[in-house]
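Student: Here you go, this is entry.txt (compact mmCIF, C-alpha atoms).
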```txt
# COMPACT_ATOMS: atom_id res chain seq x y z
CA MET A 1 136.08 53.84 194.77
CA GLU A 2 138.96 55.79 193.34
CA GLU A 3 137.90 57.94 190.41
CA ASN A 4 140.63 57.50 187.86
CA LYS A 5 141.80 54.05 188.77
CA LYS A 6 143.46 52.13 185.99
CA ILE A 7 141.12 49.60 184.42
CA SER A 8 142.70 46.49 182.94
CA SER A 9 142.72 46.25 179.18
CA ALA A 10 140.93 42.89 179.42
CA VAL A 11 137.95 44.60 181.06
CA ILE A 12 137.99 47.36 178.47
CA ARG A 13 138.01 44.78 175.69
CA ARG A 14 134.83 43.30 177.16
CA LEU A 15 132.93 46.57 177.71
CA PRO A 16 131.74 47.01 174.11
CA ARG A 17 130.29 43.51 174.29
CA TYR A 18 128.33 44.41 177.44
CA TYR A 19 127.16 47.50 175.63
CA ARG A 20 125.95 45.45 172.68
CA TYR A 21 124.08 42.93 174.84
CA LEU A 22 122.46 45.66 176.93
CA GLY A 23 121.38 47.42 173.72
CA GLU A 24 119.75 44.19 172.54
CA LEU A 25 117.98 43.83 175.91
CA ILE A 26 116.61 47.37 175.60
CA GLU A 27 115.36 46.58 172.11
CA SER A 28 113.52 43.54 173.49
CA GLY A 29 111.93 45.64 176.25
CA VAL A 30 113.89 44.15 179.19
CA GLN A 31 114.25 46.73 181.98
CA ARG A 32 116.11 44.82 184.70
CA ILE A 33 118.45 41.84 184.56
CA SER A 34 120.38 39.87 187.17
CA SER A 35 124.07 39.16 186.69
CA LYS A 36 123.04 35.50 186.52
CA ASP A 37 120.62 35.97 183.60
CA LEU A 38 123.08 38.27 181.83
CA SER A 39 125.81 35.66 182.31
CA VAL A 40 123.67 32.96 180.65
CA ARG A 41 123.05 35.18 177.63
CA MET A 42 126.66 36.30 177.32
CA LYS A 43 128.18 32.92 178.14
CA VAL A 44 130.50 34.31 180.81
CA THR A 45 130.30 33.66 184.54
CA ALA A 46 128.08 35.81 186.73
CA SER A 47 131.05 36.51 188.96
CA GLN A 48 133.04 37.88 186.03
CA ILE A 49 130.17 40.20 185.18
CA ARG A 50 129.97 41.43 188.77
CA GLN A 51 133.73 41.90 188.92
CA ASP A 52 133.88 43.74 185.59
CA LEU A 53 131.06 46.11 186.43
CA ASN A 54 132.47 46.73 189.90
CA ASN A 55 135.36 48.49 188.18
CA PHE A 56 132.95 51.30 187.49
CA GLY A 57 131.28 51.39 190.88
CA GLY A 58 128.90 48.49 190.36
CA PHE A 59 125.48 49.79 189.21
CA GLY A 60 123.77 46.71 190.64
CA GLN A 61 121.49 46.68 193.67
CA GLN A 62 121.72 43.46 195.62
CA GLY A 63 118.71 41.27 194.83
CA TYR A 64 117.25 43.62 192.24
CA GLY A 65 119.66 43.08 189.38
CA TYR A 66 120.87 45.79 187.04
CA ASN A 67 118.80 48.59 185.58
CA VAL A 68 119.47 47.85 181.91
CA LYS A 69 118.99 51.34 180.49
CA TYR A 70 121.04 52.97 183.26
CA LEU A 71 123.88 50.49 182.85
CA TYR A 72 123.78 50.90 179.06
CA ASP A 73 124.04 54.67 179.35
CA GLU A 74 126.80 54.52 181.95
CA ILE A 75 128.91 52.13 179.87
CA GLY A 76 128.25 54.40 176.87
CA LYS A 77 129.71 57.29 178.88
CA ILE A 78 132.73 55.22 179.91
CA LEU A 79 133.30 54.26 176.27
CA GLY A 80 133.12 57.92 175.29
CA ILE A 81 130.18 57.40 172.94
CA ASP A 82 127.84 59.74 174.80
CA ARG A 83 129.17 62.46 172.50
CA LYS A 84 129.82 62.78 168.78
CA HIS A 85 133.18 62.04 167.14
CA ASN A 86 133.81 63.44 163.68
CA MET A 87 135.61 60.94 161.48
CA ILE A 88 136.99 60.72 157.97
CA ILE A 89 138.00 57.72 155.89
CA ILE A 90 141.17 57.68 153.80
CA GLY A 91 140.85 55.07 151.06
CA ALA A 92 137.69 54.83 148.96
CA GLY A 93 138.12 51.15 148.10
CA ASN A 94 135.72 48.41 149.12
CA LEU A 95 136.73 48.48 152.77
CA GLY A 96 136.33 52.26 153.01
CA ARG A 97 132.95 52.00 151.31
CA ALA A 98 131.86 49.22 153.66
CA ILE A 99 132.58 51.49 156.64
CA VAL A 100 130.79 54.48 155.11
CA ASN A 101 127.75 52.33 154.38
CA TYR A 102 127.62 50.79 157.84
CA THR A 103 125.05 53.04 159.52
CA ASP A 104 125.57 51.56 162.99
CA PHE A 105 128.69 53.68 163.48
CA GLU A 106 126.69 56.88 163.09
CA LYS A 107 124.09 55.59 165.56
CA ARG A 108 126.93 55.29 168.11
CA GLY A 109 128.05 58.86 167.48
CA PHE A 110 130.81 58.32 164.92
CA VAL A 111 129.92 60.83 162.20
CA ILE A 112 131.64 60.21 158.89
CA CYS A 113 132.27 63.64 157.42
CA GLY A 114 134.30 62.83 154.33
CA VAL A 115 136.17 60.23 152.30
CA PHE A 116 139.60 60.83 150.79
CA ASP A 117 141.46 59.04 148.02
CA ASN A 118 144.37 59.72 145.69
CA ASN A 119 142.63 58.40 142.58
CA PRO A 120 141.59 61.47 140.51
CA GLU A 121 138.91 59.41 138.76
CA LEU A 122 136.94 59.32 142.02
CA LYS A 123 136.93 63.12 142.39
CA GLY A 124 133.37 64.45 142.65
CA GLU A 125 131.90 61.01 143.37
CA SER A 126 130.09 60.38 146.61
CA ILE A 127 129.39 57.34 148.76
CA HIS A 128 126.16 57.19 150.73
CA GLY A 129 125.88 60.96 150.30
CA ILE A 130 129.45 61.65 151.46
CA ASP A 131 131.84 63.37 149.05
CA ILE A 132 135.09 61.79 147.95
CA MET A 133 137.85 64.37 148.12
CA MET A 134 141.48 64.39 147.01
CA MET A 135 144.42 64.16 149.39
CA ASP A 136 145.52 67.77 148.82
CA GLN A 137 142.31 68.88 150.58
CA LEU A 138 142.97 66.68 153.64
CA ALA A 139 144.74 68.98 156.13
CA ASP A 140 142.37 71.85 155.44
CA PHE A 141 139.30 69.63 155.79
CA ILE A 142 140.55 68.20 159.09
CA HIS A 143 140.97 71.66 160.58
CA LYS A 144 137.72 73.16 159.32
CA ASN A 145 135.53 70.21 160.33
CA ASP A 146 136.90 69.41 163.75
CA ILE A 147 137.87 65.89 162.69
CA GLU A 148 138.92 63.69 165.59
CA ILE A 149 139.31 60.19 164.11
CA VAL A 150 140.85 59.09 160.81
CA ALA A 151 140.21 55.59 159.48
CA LEU A 152 142.96 54.33 157.18
CA THR A 153 141.63 51.81 154.66
CA ILE A 154 144.61 51.89 152.34
CA PRO A 155 147.31 49.40 151.31
CA LYS A 156 150.17 48.94 153.76
CA GLN A 157 152.70 50.41 151.30
CA ALA A 158 151.03 53.82 151.64
CA ALA A 159 150.02 53.63 155.28
CA LYS A 160 153.17 54.80 157.08
CA GLU A 161 153.51 57.92 154.92
CA ILE A 162 149.80 58.80 155.13
CA GLY A 163 149.71 58.05 158.85
CA LYS A 164 152.47 60.60 159.29
CA GLN A 165 150.62 63.14 157.15
CA VAL A 166 147.49 62.65 159.26
CA ALA A 167 149.41 63.02 162.52
CA ASP A 168 151.08 66.17 161.16
CA ALA A 169 147.60 67.57 160.51
CA GLY A 170 146.95 67.25 164.25
CA ILE A 171 144.94 64.00 164.39
CA LYS A 172 145.38 62.09 167.66
CA ALA A 173 143.27 59.00 166.92
CA ILE A 174 143.73 56.62 163.99
CA TRP A 175 141.68 53.54 163.18
CA ASN A 176 144.21 51.58 161.13
CA PHE A 177 143.18 48.79 158.75
CA ALA A 178 146.49 48.72 156.87
CA HIS A 179 148.44 45.61 157.76
CA THR A 180 151.43 47.39 159.23
CA ASP A 181 152.32 49.30 162.38
CA LEU A 182 152.35 53.05 161.87
CA ASN A 183 155.20 54.11 164.22
CA LEU A 184 153.72 57.47 165.16
CA PRO A 185 154.46 59.67 168.20
CA ASP A 186 153.16 58.28 171.49
CA ASP A 187 150.38 60.85 171.81
CA VAL A 188 148.68 59.49 168.69
CA ILE A 189 146.32 56.64 169.59
CA VAL A 190 146.25 53.87 166.99
CA GLU A 191 143.61 51.14 167.10
CA ASN A 192 144.63 48.45 164.64
CA VAL A 193 142.28 46.11 162.79
CA HIS A 194 144.64 43.60 161.21
CA LEU A 195 142.37 41.21 159.34
CA SER A 196 145.20 38.84 158.37
CA GLU A 197 146.05 38.38 162.03
CA SER A 198 142.47 37.56 162.89
CA LEU A 199 142.38 34.96 160.11
CA MET A 200 145.66 33.45 161.36
CA ARG A 201 144.22 33.16 164.87
CA LEU A 202 141.35 31.24 163.32
CA SER A 203 143.68 28.87 161.50
CA TYR A 204 145.72 28.45 164.70
CA THR A 205 142.57 27.37 166.51
CA ILE A 206 141.70 24.96 163.69
CA ALA A 207 145.21 23.49 163.75
CA ASN A 208 145.23 23.05 167.54
CA LYS A 209 141.65 22.03 168.11
CA HIS A 210 142.26 18.36 168.67
CA SER A 211 145.56 18.65 170.49
CA MET B 25 159.25 20.59 176.65
CA GLU B 26 155.77 19.08 176.72
CA GLU B 27 154.36 18.69 173.21
CA ASN B 28 150.77 19.79 173.53
CA LYS B 29 151.08 22.20 176.40
CA LYS B 30 148.39 24.86 176.58
CA ILE B 31 149.64 28.18 175.24
CA SER B 32 148.06 31.29 176.69
CA SER B 33 145.73 33.19 174.41
CA ALA B 34 147.82 36.34 174.92
CA VAL B 35 150.80 34.61 173.31
CA ILE B 36 148.65 33.34 170.47
CA ARG B 37 147.33 36.86 169.87
CA ARG B 38 150.93 38.02 169.46
CA LEU B 39 152.13 35.24 167.12
CA PRO B 40 150.67 36.69 163.89
CA ARG B 41 152.50 39.93 164.65
CA TYR B 42 155.80 38.06 165.00
CA TYR B 43 154.99 36.35 161.74
CA ARG B 44 154.38 39.68 160.02
CA TYR B 45 157.62 41.23 161.30
CA LEU B 46 159.66 38.17 160.37
CA GLY B 47 158.12 38.26 156.88
CA GLU B 48 159.19 41.90 156.54
CA LEU B 49 162.72 40.99 157.69
CA ILE B 50 162.91 38.26 155.06
CA GLU B 51 161.78 40.75 152.40
CA SER B 52 164.60 43.09 153.46
CA GLY B 53 167.15 40.29 153.27
CA VAL B 54 167.79 39.92 157.02
CA GLN B 55 168.83 36.35 157.87
CA ARG B 56 169.52 36.49 161.61
CA ILE B 57 168.19 38.75 164.34
CA SER B 58 168.75 38.99 168.08
CA SER B 59 165.79 39.21 170.44
CA LYS B 60 167.10 42.67 171.32
CA ASP B 61 167.00 43.97 167.73
CA LEU B 62 163.61 42.35 167.16
CA SER B 63 162.34 43.96 170.35
CA VAL B 64 163.37 47.42 169.16
CA ARG B 65 161.51 46.95 165.88
CA MET B 66 158.41 45.49 167.48
CA LYS B 67 158.38 47.83 170.46
CA VAL B 68 158.08 45.02 172.98
CA THR B 69 160.72 43.93 175.51
CA ALA B 70 163.39 41.43 174.52
CA SER B 71 162.43 39.31 177.51
CA GLN B 72 158.83 39.11 176.31
CA ILE B 73 160.05 37.94 172.91
CA ARG B 74 162.25 35.27 174.50
CA GLN B 75 159.42 34.16 176.79
CA ASP B 76 156.88 34.02 173.96
CA LEU B 77 159.12 32.04 171.64
CA ASN B 78 160.14 29.70 174.46
CA ASN B 79 156.56 28.45 174.43
CA PHE B 80 157.42 26.70 171.21
CA GLY B 81 160.79 25.37 172.22
CA GLY B 82 162.80 28.52 171.66
CA PHE B 83 164.41 28.49 168.18
CA GLY B 84 167.14 30.84 169.38
CA GLN B 85 170.77 29.88 169.82
CA GLN B 86 172.41 31.78 172.65
CA GLY B 87 174.57 34.56 171.25
CA TYR B 88 173.62 33.95 167.62
CA GLY B 89 170.08 35.30 167.60
CA TYR B 90 167.23 33.78 165.68
CA ASN B 91 167.38 32.34 162.20
CA VAL B 92 164.68 34.53 160.64
CA LYS B 93 163.51 32.18 157.89
CA TYR B 94 163.45 29.16 160.21
CA LEU B 95 161.50 31.04 162.87
CA TYR B 96 159.10 32.40 160.24
CA ASP B 97 158.41 28.91 158.90
CA GLU B 98 158.00 27.41 162.37
CA ILE B 99 155.54 30.08 163.46
CA GLY B 100 153.72 29.54 160.16
CA LYS B 101 153.37 25.85 161.05
CA ILE B 102 152.14 26.70 164.55
CA LEU B 103 149.58 29.07 163.05
CA GLY B 104 148.45 26.33 160.68
CA ILE B 105 149.26 28.36 157.57
CA ASP B 106 151.79 25.87 156.23
CA ARG B 107 148.88 24.27 154.38
CA LYS B 108 145.97 25.57 152.30
CA HIS B 109 142.55 26.38 153.74
CA ASN B 110 139.64 26.58 151.32
CA MET B 111 137.34 29.45 152.20
CA ILE B 112 134.11 30.98 150.96
CA ILE B 113 132.56 34.37 151.63
CA ILE B 114 128.87 34.79 152.35
CA GLY B 115 127.81 38.36 151.58
CA ALA B 116 128.90 40.06 148.35
CA GLY B 117 128.68 43.60 149.73
CA ASN B 118 131.61 45.97 150.06
CA LEU B 119 133.15 44.10 152.96
CA GLY B 120 132.95 40.74 151.19
CA ARG B 121 134.44 42.31 148.08
CA ALA B 122 137.25 43.88 150.10
CA ILE B 123 138.19 40.45 151.43
CA VAL B 124 138.07 38.82 148.00
CA ASN B 125 140.27 41.56 146.56
CA TYR B 126 142.82 41.37 149.35
CA THR B 127 145.42 39.09 147.80
CA ASP B 128 147.50 38.74 150.98
CA PHE B 129 145.09 36.12 152.30
CA GLU B 130 145.77 33.83 149.37
CA LYS B 131 149.52 34.31 149.86
CA ARG B 132 149.06 32.93 153.39
CA GLY B 133 147.19 29.89 152.11
CA PHE B 134 143.59 31.04 152.49
CA VAL B 135 142.09 30.21 149.10
CA ILE B 136 138.81 31.95 148.38
CA CYS B 137 136.80 29.47 146.32
CA GLY B 138 133.45 31.22 146.02
CA VAL B 139 131.23 34.10 147.10
CA PHE B 140 127.57 33.66 148.04
CA ASP B 141 124.73 36.14 148.28
CA ASN B 142 120.94 36.08 148.34
CA ASN B 143 120.51 38.94 145.87
CA PRO B 144 119.42 37.36 142.54
CA GLU B 145 120.70 40.41 140.64
CA LEU B 146 124.27 39.36 141.49
CA LYS B 147 123.83 35.88 140.00
CA GLY B 148 126.45 35.21 137.33
CA GLU B 149 128.63 38.15 138.41
CA SER B 150 132.15 37.57 139.56
CA ILE B 151 134.60 39.40 141.85
CA HIS B 152 138.32 39.18 141.10
CA GLY B 153 137.56 36.13 138.95
CA ILE B 154 135.51 34.39 141.65
CA ASP B 155 131.87 33.55 140.90
CA ILE B 156 128.99 34.88 142.98
CA MET B 157 126.57 32.05 143.67
CA MET B 158 123.14 31.91 145.27
CA MET B 159 122.48 30.53 148.73
CA ASP B 160 120.64 27.43 147.45
CA GLN B 161 123.97 26.21 146.05
CA LEU B 162 125.79 26.66 149.36
CA ALA B 163 125.64 23.23 151.04
CA ASP B 164 126.47 21.43 147.82
CA PHE B 165 129.42 23.73 147.08
CA ILE B 166 130.82 23.31 150.59
CA HIS B 167 130.83 19.53 150.25
CA LYS B 168 132.21 19.32 146.74
CA ASN B 169 135.03 21.84 147.28
CA ASP B 170 136.31 20.77 150.67
CA ILE B 171 135.54 24.17 152.19
CA GLU B 172 136.95 24.62 155.67
CA ILE B 173 136.34 28.28 156.54
CA VAL B 174 133.29 30.46 155.94
CA ALA B 175 133.54 34.24 156.25
CA LEU B 176 130.23 35.91 157.11
CA THR B 177 130.08 39.47 155.79
CA ILE B 178 126.35 39.91 156.19
CA PRO B 179 124.10 42.09 158.37
CA LYS B 180 123.58 40.90 161.92
CA GLN B 181 119.87 40.28 161.32
CA ALA B 182 120.72 37.41 158.95
CA ALA B 183 123.84 36.13 160.70
CA LYS B 184 122.40 33.77 163.31
CA GLU B 185 120.24 31.94 160.77
CA ILE B 186 122.99 31.71 158.15
CA GLY B 187 125.56 30.72 160.78
CA LYS B 188 123.30 27.81 161.68
CA GLN B 189 122.90 26.86 158.01
CA VAL B 190 126.68 26.90 157.57
CA ALA B 191 127.24 24.77 160.69
CA ASP B 192 124.55 22.32 159.49
CA ALA B 193 126.52 21.98 156.24
CA GLY B 194 129.46 20.71 158.32
CA ILE B 195 131.61 23.84 158.59
CA LYS B 196 133.69 24.00 161.79
CA ALA B 197 135.35 27.39 161.36
CA ILE B 198 133.57 30.71 160.86
CA TRP B 199 135.12 34.15 160.44
CA ASN B 200 132.28 36.35 161.61
CA PHE B 201 132.04 40.03 160.71
CA ALA B 202 128.36 40.34 161.65
CA HIS B 203 128.00 42.34 164.83
CA THR B 204 126.36 39.60 166.86
CA ASP B 205 127.36 36.36 168.57
CA LEU B 206 126.36 33.30 166.59
CA ASN B 207 125.52 30.83 169.39
CA LEU B 208 126.63 27.71 167.55
CA PRO B 209 127.61 24.30 168.95
CA ASP B 210 130.92 24.27 170.83
CA ASP B 211 132.77 22.35 168.12
CA VAL B 212 132.31 25.24 165.69
CA ILE B 213 135.16 27.75 166.03
CA VAL B 214 134.07 31.35 165.59
CA GLU B 215 136.60 34.17 165.19
CA ASN B 216 134.73 37.45 165.49
CA VAL B 217 135.74 40.73 163.88
CA HIS B 218 133.39 43.22 165.49
CA LEU B 219 134.33 46.55 163.93
CA SER B 220 131.98 48.55 166.17
CA GLU B 221 133.73 47.19 169.23
CA SER B 222 137.12 48.16 167.86
CA LEU B 223 135.86 51.69 167.23
CA MET B 224 134.45 51.88 170.77
CA ARG B 225 137.81 50.82 172.20
CA LEU B 226 139.33 53.71 170.26
CA SER B 227 136.80 56.18 171.65
CA TYR B 228 137.39 54.75 175.15
CA THR B 229 141.08 55.45 174.78
CA ILE B 230 140.36 58.98 173.52
CA ALA B 231 138.00 59.64 176.45
CA ASN B 232 140.44 58.30 179.04
CA LYS B 233 143.69 59.58 177.62
CA HIS B 234 144.18 62.42 180.04
CA SER B 235 142.77 60.76 183.13
```
Show how you would write the structure in this file as C-alpha cells.
Tutor:
Amino acid sequence: MEENKKISSAVIRRLPRYYRYLGELIESGVQRISSKDLSVRMKVTASQIRQDLNNFGGFGQQGYGYNVKYLYDEIGKILGIDRKHNMIIIGAGNLGRAIVNYTDFEKRGFVICGVFDNNPELKGESIHGIDIMMMDQLADFIHKNDIEIVALTIPKQAAKEIGKQVADAGIKAIWNFAHTDLNLPDDVIVENVHLSESLMRLSYTIANKHS
Amino acid sequence: MEENKKISSAVIRRLPRYYRYLGELIESGVQRISSKDLSVRMKVTASQIRQDLNNFGGFGQQGYGYNVKYLYDEIGKILGIDRKHNMIIIGAGNLGRAIVNYTDFEKRGFVICGVFDNNPELKGESIHGIDIMMMDQLADFIHKNDIEIVALTIPKQAAKEIGKQVADAGIKAIWNFAHTDLNLPDDVIVENVHLSESLMRLSYTIANKHS
C-alpha cells in the first residue's frame, strides 16, 4: 500500500467515530472485535468498516477480528492525537468556557494554555485554573508557549479581523465557531463549527421527513 | 423536475452556507448576483453552484443571474426555516447558556421556550429571560408548549437515558451535543454536534498537511 495516498474526506470524517467506539470498547474490557460486531454497534455495514480501515493498511487478521487497542492507537496516530497540541481560546463567553471546562479535549492531547478576551473586566479572572488574558498579550503568548491551535469563540463581527491577527502571529490551525468564513491564506487550516448550519440541517430533515 | 426527488446529503450540507451568503448579500443591498460572482465569494466553482441550485428547479434566469432575495427565501423554505420551531435546551451549563444567548437562532425561527437541568440549585433562575426548570416538569412542558426540537447539552453519561426520556415524551428531533450516539428509534431525527470529532479532524489535517 502506498504510504501517502490521498484518503477521501468521507473516510476522514468517519475516523473520529471509529476512535470513539474503540475507546468505549477498551473501557468495557473488549480486546478483539470482528468487523461484523463492530458494524452492529456502529450501525454501518461491515463492508464499509473493512473498506475504511483498509485505507490504512487494514489492521485486521482474517478470522480473528481486530485488535481493539492496536487499532485505537493506530487511528490515534493517523488523527495526530498521539502527541500534544497546545491550544488557546479567544472569547471568554459561555462557549469559550464550555470548551475550557470540557476535560475530554485534554485527555486527547489538546492542552488549553490560555483564554483571551477584550473585556477588561475579565482581566485576572481564570476559568478552570486557566488565566484570562487581554488581546494585547496574544502574539507574545503564542510565541512563548508554542501554541499550535486557536479556537475562536467570538461573534462573527469580530472574527475576520481576529482571524487575521492570529494568522499574522504565525498560527496555522484555527478552530472557528464564529458563523462566518475567515478568508485566510491557504496555508492556514480552518475547521469550522457553524452551529446555525447544523440546526438548519436538522430543520431540513424535519421538513423533508415525510416526503 | 420531479417534486420529491432525493437530494444528496452533500448538497444539503451546502445549503445553509448558501443561505448565509445570500443573507449577507441582502444585508449589503445586493439584489442580483451571477453564479460566477457568487462562486468567487463562496470559493466554490460556478458550475457547482448551478448544479446545486438546479436540484431545486434552478431559480436562475440565463444571463440575469439570481434574484438574491427570492433565492434566499426559497432556500429558507427548503431548509424548513420559513416557519417557527419551538425548542428547549436540556443542560444549563456553559454550552446550554451559549445556545440560549445566541440570538441568531431565534432570528431563523428557532424559538427557545425553556431550559431544563437536574441541579436543584438552578431552580427559579433564568437565562436571557428564559426559565430554568427541573426535569420532572419536562414531559408536561413538551406537550403544553408544542415543543419540536430538544437540544441536549449534557454529559455523555446522562445522554442515552435522557435521550430516551425525550423520545418517550414524543419528541422527533434532537440536536445532540453529548459525545455519544443516542440509539433511538428510527423515526427520531438526531443531528449530532460532536466537538471532539471536529477537533480531531483539525489535528488530522495538521498531521497530514505536508504529506
Student: Output as a PyMOL selection string the set of chain B residues within 8 Å of chain A, with distances taken over all atoms listed in the file.
Tutor: chain B and resi 28+36-37+40-41+102-105+117-119+121-122+128-129+197+199+213-215+217+220-231+235
Student: Go ahead and save the residues from that selection, with C-alpha atoms, as an mmCIF file, in the frame of the given file.
Tutor:
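To be explicit, this is the file written out as out35.cif:
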```
data_model
loop_
_atom_site.group_PDB
_atom_site.id
_atom_site.type_symbol
_atom_site.label_atom_id
_atom_site.label_comp_id
_atom_site.auth_asym_id
_atom_site.auth_seq_id
_atom_site.Cartn_x
_atom_site.Cartn_y
_atom_site.Cartn_z
ATOM 1 C CA ASN B 28 150.770 19.790 173.530
ATOM 2 C CA ILE B 36 148.650 33.340 170.470
ATOM 3 C CA ARG B 37 147.330 36.860 169.870
ATOM 4 C CA PRO B 40 150.670 36.690 163.890
ATOM 5 C CA ARG B 41 152.500 39.930 164.650
ATOM 6 C CA ILE B 102 152.140 26.700 164.550
ATOM 7 C CA LEU B 103 149.580 29.070 163.050
ATOM 8 C CA GLY B 104 148.450 26.330 160.680
ATOM 9 C CA ILE B 105 149.260 28.360 157.570
ATOM 10 C CA GLY B 117 128.680 43.600 149.730
ATOM 11 C CA ASN B 118 131.610 45.970 150.060
ATOM 12 C CA LEU B 119 133.150 44.100 152.960
ATOM 13 C CA ARG B 121 134.440 42.310 148.080
ATOM 14 C CA ALA B 122 137.250 43.880 150.100
ATOM 15 C CA ASP B 128 147.500 38.740 150.980
ATOM 16 C CA PHE B 129 145.090 36.120 152.300
ATOM 17 C CA ALA B 197 135.350 27.390 161.360
ATOM 18 C CA TRP B 199 135.120 34.150 160.440
ATOM 19 C CA ILE B 213 135.160 27.750 166.030
ATOM 20 C CA VAL B 214 134.070 31.350 165.590
ATOM 21 C CA GLU B 215 136.600 34.170 165.190
ATOM 22 C CA VAL B 217 135.740 40.730 163.880
ATOM 23 C CA SER B 220 131.980 48.550 166.170
ATOM 24 C CA GLU B 221 133.730 47.190 169.230
ATOM 25 C CA SER B 222 137.120 48.160 167.860
ATOM 26 C CA LEU B 223 135.860 51.690 167.230
ATOM 27 C CA MET B 224 134.450 51.880 170.770
ATOM 28 C CA ARG B 225 137.810 50.820 172.200
ATOM 29 C CA LEU B 226 139.330 53.710 170.260
ATOM 30 C CA SER B 227 136.800 56.180 171.650
ATOM 31 C CA TYR B 228 137.390 54.750 175.150
ATOM 32 C CA THR B 229 141.080 55.450 174.780
ATOM 33 C CA ILE B 230 140.360 58.980 173.520
ATOM 34 C CA ALA B 231 138.000 59.640 176.450
ATOM 35 C CA SER B 235 142.770 60.760 183.130
#
```
Student: Which value, in Å to one decimal, gives the distance between atom CA of Ala159 of chain A and atom CA of Ala178 of chain A?
Tutor: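 Between atom CA of Ala159 of chain A and atom CA of Ala178 of chain A the gap works out to 6.3 Å.
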Student: One number please: atom CA of Ser58 of chain B to atom CA of Val92 of chain B, in Å, one decimal.
Tutor: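 Between atom CA of Ser58 of chain B and atom CA of Val92 of chain B the gap works out to 9.6 Å.
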Student: Calculated over all atoms listed in the file, which of the candidates A:Phe116, A:Tyr72, A:Phe141, A:Phe177 has the smallest distance to Tyr18 of chain A?
Tutor: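 Among the listed residues, A:Tyr72 lies closest to Tyr18 of chain A.
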Student: Would you kindly return, as a PyMOL selection string, each protein, DNA or RNA residue with an atom no farther than 8 Å from any atom of Gly148 of chain B, considering all atoms listed in the file and excluding same-chain residues fewer than 6 positions away?
Tutor: chain B and resi 155-157
Student: Provide the atom CA of Asp76 of chain B to atom CA of Ser32 of chain B distance in Å, to one decimal place.
Tutor: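 About the pair atom CA of Asp76 of chain B and atom CA of Ser32 of chain B: they are 9.6 Å apart.
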Student: Write out as a list in words each polymer residue whose atoms come within 9 Å of segment 27-30 of chain A, counting only C-alpha atoms; drop sequence neighbours fewer than 4 positions from it.
Tutor: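 Once the adjacent positions are removed, what remains is Leu22, Gly23, Val68 and Lys69 of chain A.
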Student: Please provide the set of residues having any atom within 10 Å of Ser35 of chain A, restricted to only C-alpha atoms, with same-chain residues fewer than 2 positions apart removed, written as a short mmCIF file (atom, residue, chain, number, x, y, z; two decimals) with C-alpha atoms, in the coordinates of the input.
Tutor:
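Produced file out09.cif, reproduced below:
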```
data_model
loop_
_atom_site.label_atom_id
_atom_site.label_comp_id
_atom_site.auth_asym_id
_atom_site.auth_seq_id
_atom_site.Cartn_x
_atom_site.Cartn_y
_atom_site.Cartn_z
CA ARG A 32 116.11 44.82 184.70
CA ILE A 33 118.45 41.84 184.56
CA ASP A 37 120.62 35.97 183.60
CA LEU A 38 123.08 38.27 181.83
CA SER A 39 125.81 35.66 182.31
CA VAL A 40 123.67 32.96 180.65
CA ARG A 41 123.05 35.18 177.63
CA VAL A 44 130.50 34.31 180.81
CA THR A 45 130.30 33.66 184.54
CA ALA A 46 128.08 35.81 186.73
CA SER A 47 131.05 36.51 188.96
CA GLN A 48 133.04 37.88 186.03
CA ILE A 49 130.17 40.20 185.18
CA ARG A 50 129.97 41.43 188.77
CA LEU A 53 131.06 46.11 186.43
CA GLY A 60 123.77 46.71 190.64
CA GLY A 63 118.71 41.27 194.83
CA TYR A 64 117.25 43.62 192.24
CA GLY A 65 119.66 43.08 189.38
CA TYR A 66 120.87 45.79 187.04
#
```
